[in-house]
Amino acid sequence: MTARGQDRLIDISLYSVMAVMLLFFYIPIFTLMAFSLQEGRYLTLPFEGISLKWYGELFNSGPALSALRNSTLIAFFATIVSTVIGTMAAIAVVRYRFRGKSAFQALAGAPLAFPQLLLGIVLLLWFSVLGRWLGFNTGVVTAIIGHIVYITPFVMVIVAVQVYSFDPQLEDAARDCGANTWEVYRYVTIPLLWPGIFSAAIFAFLLSWGNFYITYSLAGSTRTIPTFIFSGIAVGSSPLYPAMATVVFVPGLLLVTAAAALRRRSSRTA
Amino acid sequence: MEQTATRSWHDPGLLVKALPSVLLQTTCFIAPLLMTFILTFQRTRDFQLRWTWDLATWTDVFSKPHYWTILGHTLVMAAACVAICMVLAFPIAYGLATRFKRFENEIKILITFAFITDATLKTFGWVLFLDKKGAANFLLSGLGLPPESVAFLFTDWATLLGMVYNLLPFAIFTLYLSIDTIDRSLILAAYDAGASKWRAHWEVTLPLCKPGIWAGSVLIFLLGVGVFLEPKVLGGGVSPMSAELIRQTFETRVNWPLGAALTLVLMVVSVFVVLLFSRILNMKRAGFGT
Amino acid sequence: MTTAPILDIQDVHKDYNTYQALKGVSLKVRRGEFIALVGPSGCGKTTLLKQIAGFEDATSGTISIDGRDMAGVPAAQRPTSMVFQKLALFPHMTVAENIGFPLKLRKVPAAQIAQRVNEMIALMELKPIYLDRFPRALSGGEQQRVALARSMISSPKLLLLDEPLSALDVKLKKVLQSELKRLHRSVGVTFVHVTHDLEEAMMLADRICVMRAGRILQLGDPTDIYYRPADAFVAGFIGETNLLPIDVVSRNAAGITYRSEGIADPTGTIPAPLVADSVSPGQALMNVRPELIRRIGTHENADCAVNATVTEIFSKGGTVQYRARMPEGHDLAIEIQGTSALPMQVGENVRLGWAKKDIWVLAPGEA
């Protein structure tokens with residue numbers, strides 16, 4: 001076989017594997033979307049009819065809307081805090097050489113390789129014991145803290161990639177031009193790290209918004225979208241839940257696409 | 001020669017940037033772990049924690065083979081998940097890093113989105129797909145196959161499918177990063193030396209992305225031992241894994257010390273397995289050379 | 001007009017942990033001068049520049065600019081401006097924003113910034129159409145001009161250049177070198193130019209400062225450095241030269257008396273102006289540039305003459321380089337115009353000679 005033919009064969013087989021894999025990734029997602037259109041009361045096939053009526057139900061359902069609100073609230077705060085802390089940690093790891101750096105890296109990144117459920121349980125024990133001493137219950141705030149612990153390492157890793165490709169001499173150049181520490185950050189460092197910070201923030205938001213394990217342990221009686229849906233699976237549910245799942249997908253897809261577009265634009269200007 | 005001074009913790013710039021992470025992870029990760037350890041020496045009675053400081057919980061843990069059978073089952077499932085993920089992820093990561101230039105961004109977006117979508121939703125989707133009266137059987141019977149030909153929901157296989165599904169993106173990302181950083185000229189040099197495509201792949205690409213394979217494996221293994229959703233929802237709770245046992249201990253039996261002890265046992269054993277494997281791999285490398 | 005130096009460096013040391021990058025450097029730079037810091041990589045020239053710019057603090061010693069001690073003054077407030085090796089143009093700003101950035105930080109009104117930017121691009125001979133482009137859309141030479149414009153716009157007292165031409169190809173380098181020279185003449189700012197390329201330094205600078213291992217070896221004008229190097233290292237760094245070992249018998253006010261096995265010299269003396277201060281009785285080196293050696297006839301007289309066998313010939317276009325071995329084993333490099341009347345062949349035994357005025361005697365040192 002010619003080298004060219006061999007090359008084509010490799011390409012074709014890799015693309016086929018990729019296609020099968022993408023299909024695999026999207027089977028449950030498409031299934032959910034399909035079931036959300038079921039007109040009848042139950043999640044059985046064949047459908048009694050196709051309709052959007054469960055979407056209407058969704059926006060009239062108090063618990064569903066409150067789950068949506070709670071998820072958004074938790075994700076909003078978790079995103080802001082974890083993006084700030086994670087970005088600073090990324091700069092510290094990439095740009096500074098200091099004693100105990102590997103220990104710092106291990107500590108700051110540890111929750112990445114920690115099963116989420118266990119993280120949730122360990123934090124639940126912690127907050128329960130603290131709560132008994134200090135008089136508070138688990139709820140939205142503890143859920144936010146749990147999300148921050150879990151998400152900050154992700155932010156650190158994503159932003160670190162951007163910091164690596166950032167030439168530190170540009171900061172020297174800015175200082176040479178007369179910029180003070182704050183102006184260096186404002187005019188040079190942050191604008192240049194922005195694509196990384198922005199996609200990290202989107203990633204953080206989505207990780208938090210769709211988080212099940214940690215919320216499940218730490219949110220007390222507060223329901224978020226994932227825990228609401230989990231309860232739905234157990235109950236033997238109606239198409240309300242697939243409809244909700246589909247609503248959850250849409251902003252996710254938009255944000256991921258936006259982040260990718262931004263990254264591409266920045267790689268063209270860099 | 002470029003020289004940079006080692007900056008110490010006295011540098012205010014470094015302190016401001018590193019301290020928040022340090023505080024966050026010590027107060028909300030390390031301290032809770034220590035607390036978990038302390039709790040294993042207490043007891044709960046009448047749904048209340050009693051500070052007894054004894055070894056009752058640990059005696060219980062070490063005298064009941066039931067816990068250890070479940071742990072063994074968990075480790076086997078996690079290991080199987082690692083193996084399957086690595087085999088499936090390699091061609092994708094390789095293609096993304098070297099060949100899919102035209103659709104690289106689109107593929108990345110699609111994978112990222114699938115990854116970022118909440119696991120509960122996707123697991124729920126799998127239930128609807130794999131159910132006896134689910135989408136898969138509906139489509140297949142439409143093609144003329146006998147009813148209920150897909151009937152492995154509520155078995156270990158379904159659990160494994162869910163685990164692979166949810167953890168595969170981690171494997172793809174770590175492998176992609178390590179293949180992407182390989183110096184392309186090394187592979188060209190291998191071709192130049194007369195190696196065939198397969199040989200170049202085998203002798204150059206694979207050994208060079210060993211760190212990526214290892215990192216991905218460790219990550220997936222550690223996350224895999226902690227899954228709970230998949231065995232419960234897809235596996236139907238038929239053969240529970242450690243995380244489910246731990247959850248039950250907390251929620252149903254309200255035995256915090258035991259739950260804490262089982263959590264620690266799961267963590268320690270998993271880390272031990274990882275260390276054992278890295279030791280074995282290192283010995284192999286030292287013994288036979290590469 | 002004051003005659004005080006614009007830049008006064010006194011005994012500056014810089015340590016990075018245990019590594020001593022600068023081991024006591026003192027240097028006075030005159031107002032309006034173009035000075036080049038030259039040396040191999042790791043010699044401390046870039047480190048010295050960083051101390052002047054204020055990116056790092058010297059371990060000890062003082063740096064004064066225009067009579068003011070710079071200790072504790074951050075880079076942003078020093079009257080210096082740097083052109084970086086990799087230029088360090090901000091990729092997210094247009095050319096106009098890049099050039100105007102120093103003025104923007106000084107809160108200069110926008111209209112005034114625009115006017116100054118236009119003046120700068122005129123000075124740098126950049127086309128106005130580039131102003132709204134991003135730096136990456138420009139060629140290497142154009143980026144260079146943008147970087148220079150950004151450095152000059154704030155009217156610095158000292159322009160510091162950190163090997164800005166090292167990444168360019170030879171042809172473009174030549175163009176930008178003459179550009180730099182022109183710029184220096186027209187603006188009258190003091191330039192401190194770091195380079196490892198001695199030819200570049202010779203061409204541009206009024207004075208050259210040769211550095212090695214954190215110390216200044218020699219400071220002088222280009223002719224001094226070339227014909228009267230302070231030691232064997234400087235002599236060798238400047239390009240190929242001949243360093244013939246001699247024995248200095250005595251030294252007095254008139255000069256030295258010497259002995260040498262291979263060199264036939266009827267007088268055996270060298271007058272004082274041709275001998276480095278550091279030379280004392282004992283070992284020394286006689287430096288003769290290859291282009292100052294010529295072939296002489298068998299009975300022709302020369303101030304210094306040697307016998308040698310030609311071993312290699314390289315043609316370099318206009319000139320021909322020879323290598324010849326003296327009987328006691330020392331190799332000589334000779335460079336002769338290609339049109340020379342007396343060509344030599346490989347294997348030929350020849351007599352070579354040079355004039356005493358072309359000699360420079362220096363101490364052996366570590367080379």
# chains A, B, ... in the order shown; residues from 1 in each chain; ligands from 1
call {"tool": "interface_residues", "arguments": {"of": "chain C", "to": "chain A", "cutoff": "8 Å", "atoms": "only C-alpha atoms", "output": "list in words"}}
result
Ala53, Phe55, Ala75, Ala76, Gln77, Thr80, Ser81, Met82, Phe84, Ala88, Leu89, Phe90, Pro91, His92, Phe101, Pro102, Leu105, Arg106, Phe134, Arg136 and Ser151 of chain C
call {"tool": "closest_atom_pairs", "arguments": {"of": "chain C", "to": "chain B", "cutoff": "8 Å", "atoms": "only C-alpha atoms", "output": "tab-separated table"}}
result
residue	atom	partner	partner_atom	distance
C:Tyr16	CA	B:Ala5	CA	5.4
C:Asn17	CA	B:Ala5	CA	6.5
C:Ser41	CA	B:Met1	CA	6.3
C:Gly42	CA	B:Met1	CA	4.9
call {"tool": "residues_around", "arguments": {"residues": "A:Glu48", "least_positions_apart": "5", "cutoff": "7 Å", "atoms": "only C-alpha atoms", "output": "list in words"}}
result
Gln38, Glu39 and Gly40 of chain A
call {"tool": "interface_residues", "arguments": {"of": "chain A", "to": "chain B", "cutoff": "6 Å", "atoms": "only C-alpha atoms", "output": "PyMOL selection string"}}
result
chain A and resi 18+28+31-32+88-89+92+97-98+108+113+115+122-123+126+210
call {"tool": "residues_around", "arguments": {"residues": "stretch 54-61 of chain B", "least_positions_apart": "3", "cutoff": "8 Å", "atoms": "only C-alpha atoms", "output": "PyMOL selection string"}}
result
chain B and resi 40-43+64+67+257-258+261-262
call {"tool": "write_last_selection", "arguments": {"atoms": "N, CA and C atoms", "output": "compact mmCIF listing (two decimals), in the first residue's frame"}}
result
# COMPACT_ATOMS: atom_id res chain seq x y z
N THR B 40 -13.99 8.90 63.50
CA THR B 40 -14.03 7.43 63.51
C THR B 40 -13.84 6.87 64.90
N PHE B 41 -13.37 7.68 65.85
CA PHE B 41 -13.16 7.18 67.22
C PHE B 41 -14.35 7.50 68.12
N GLN B 42 -15.42 8.02 67.52
CA GLN B 42 -16.61 8.35 68.33
C GLN B 42 -17.71 7.35 68.00
N ARG B 43 -18.86 7.55 68.60
CA ARG B 43 -20.02 6.71 68.30
C ARG B 43 -21.25 7.57 68.09
N LYS B 64 -15.92 -7.26 59.73
CA LYS B 64 -17.01 -7.60 58.82
C LYS B 64 -16.51 -7.75 57.39
N TYR B 67 -17.89 -5.44 54.19
CA TYR B 67 -17.35 -4.16 53.74
C TYR B 67 -16.24 -4.37 52.73
N PRO B 257 -19.61 7.69 62.59
CA PRO B 257 -18.25 7.17 62.75
C PRO B 257 -17.95 6.05 61.75
N LEU B 258 -18.93 5.17 61.54
CA LEU B 258 -18.70 4.08 60.61
C LEU B 258 -18.56 4.63 59.18
N ALA B 261 -15.20 6.12 58.83
CA ALA B 261 -14.17 5.10 58.75
C ALA B 261 -14.16 4.46 57.36
N LEU B 262 -15.34 4.17 56.83
CA LEU B 262 -15.40 3.55 55.50
C LEU B 262 -14.88 4.51 54.43
call {"tool": "decode", "arguments": {"residues": "stretch 8-42 of chain B", "atoms": "N, CA and C atoms", "output": "compact mmCIF listing (two decimals), in the first residue's frame"}}
result
# COMPACT_ATOMS: atom_id res chain seq x y z
N SER B 8 10.59 34.23 48.05
CA SER B 8 10.13 33.56 49.26
C SER B 8 8.70 33.97 49.54
N TRP B 9 8.16 33.39 50.57
CA TRP B 9 6.80 33.71 50.96
C TRP B 9 6.67 35.12 51.49
N HIS B 10 7.83 35.81 51.67
CA HIS B 10 7.74 37.20 52.13
C HIS B 10 7.31 38.12 51.00
N ASP B 11 7.47 37.66 49.76
CA ASP B 11 7.07 38.47 48.61
C ASP B 11 5.56 38.72 48.67
N PRO B 12 5.15 39.98 48.85
CA PRO B 12 3.70 40.23 49.02
C PRO B 12 2.89 39.79 47.81
N GLY B 13 3.45 39.93 46.59
CA GLY B 13 2.72 39.53 45.39
C GLY B 13 2.37 38.06 45.43
N LEU B 14 3.35 37.24 45.80
CA LEU B 14 3.12 35.80 45.87
C LEU B 14 2.13 35.47 46.97
N LEU B 15 2.30 36.14 48.10
CA LEU B 15 1.46 35.85 49.25
C LEU B 15 -0.01 36.10 48.92
N VAL B 16 -0.26 37.24 48.28
CA VAL B 16 -1.64 37.59 47.93
C VAL B 16 -2.23 36.54 46.99
N LYS B 17 -1.42 36.03 46.08
CA LYS B 17 -1.96 35.11 45.09
C LYS B 17 -2.12 33.69 45.63
N ALA B 18 -1.20 33.27 46.49
CA ALA B 18 -1.21 31.87 46.91
C ALA B 18 -2.05 31.65 48.17
N LEU B 19 -2.11 32.67 49.01
CA LEU B 19 -2.75 32.47 50.31
C LEU B 19 -4.22 32.05 50.23
N PRO B 20 -5.03 32.69 49.38
CA PRO B 20 -6.44 32.28 49.33
C PRO B 20 -6.61 30.78 49.06
N SER B 21 -5.84 30.23 48.12
CA SER B 21 -5.93 28.81 47.84
C SER B 21 -5.52 27.99 49.05
N VAL B 22 -4.43 28.42 49.68
CA VAL B 22 -3.94 27.68 50.84
C VAL B 22 -5.00 27.67 51.93
N LEU B 23 -5.57 28.86 52.21
CA LEU B 23 -6.59 28.94 53.25
C LEU B 23 -7.80 28.09 52.89
N LEU B 24 -8.25 28.22 51.64
CA LEU B 24 -9.43 27.48 51.21
C LEU B 24 -9.21 25.98 51.39
N GLN B 25 -8.10 25.48 50.87
CA GLN B 25 -7.92 24.04 50.89
C GLN B 25 -7.53 23.50 52.26
N THR B 26 -6.91 24.33 53.11
CA THR B 26 -6.65 23.81 54.45
C THR B 26 -7.92 23.81 55.29
N THR B 27 -8.71 24.88 55.21
CA THR B 27 -9.90 24.91 56.05
C THR B 27 -11.03 24.05 55.50
N CYS B 28 -11.10 23.89 54.20
CA CYS B 28 -12.25 23.18 53.64
C CYS B 28 -11.88 21.87 52.95
N PHE B 29 -10.65 21.42 53.14
CA PHE B 29 -10.31 20.13 52.56
C PHE B 29 -9.47 19.32 53.55
N ILE B 30 -8.34 19.88 53.97
CA ILE B 30 -7.47 19.18 54.90
C ILE B 30 -8.14 19.04 56.28
N ALA B 31 -8.65 20.15 56.79
CA ALA B 31 -9.29 20.11 58.12
C ALA B 31 -10.47 19.14 58.14
N PRO B 32 -11.36 19.19 57.14
CA PRO B 32 -12.45 18.20 57.14
C PRO B 32 -11.95 16.76 57.10
N LEU B 33 -10.85 16.52 56.39
CA LEU B 33 -10.30 15.17 56.37
C LEU B 33 -9.85 14.76 57.76
N LEU B 34 -9.20 15.67 58.45
CA LEU B 34 -8.75 15.37 59.82
C LEU B 34 -9.95 15.13 60.72
N MET B 35 -10.96 15.96 60.54
CA MET B 35 -12.17 15.79 61.33
C MET B 35 -12.79 14.42 61.08
N THR B 36 -12.79 14.00 59.83
CA THR B 36 -13.33 12.69 59.49
C THR B 36 -12.58 11.60 60.25
N PHE B 37 -11.26 11.76 60.29
CA PHE B 37 -10.44 10.79 61.01
C PHE B 37 -10.80 10.77 62.50
N ILE B 38 -10.96 11.95 63.06
CA ILE B 38 -11.29 12.05 64.49
C ILE B 38 -12.65 11.40 64.76
N LEU B 39 -13.59 11.61 63.85
CA LEU B 39 -14.95 11.08 64.06
C LEU B 39 -14.98 9.55 64.14
N THR B 40 -13.99 8.90 63.50
CA THR B 40 -14.03 7.43 63.51
C THR B 40 -13.84 6.87 64.90
N PHE B 41 -13.37 7.68 65.85
CA PHE B 41 -13.16 7.18 67.22
C PHE B 41 -14.35 7.50 68.12
N GLN B 42 -15.42 8.02 67.52
CA GLN B 42 -16.61 8.35 68.33
C GLN B 42 -17.71 7.35 68.00
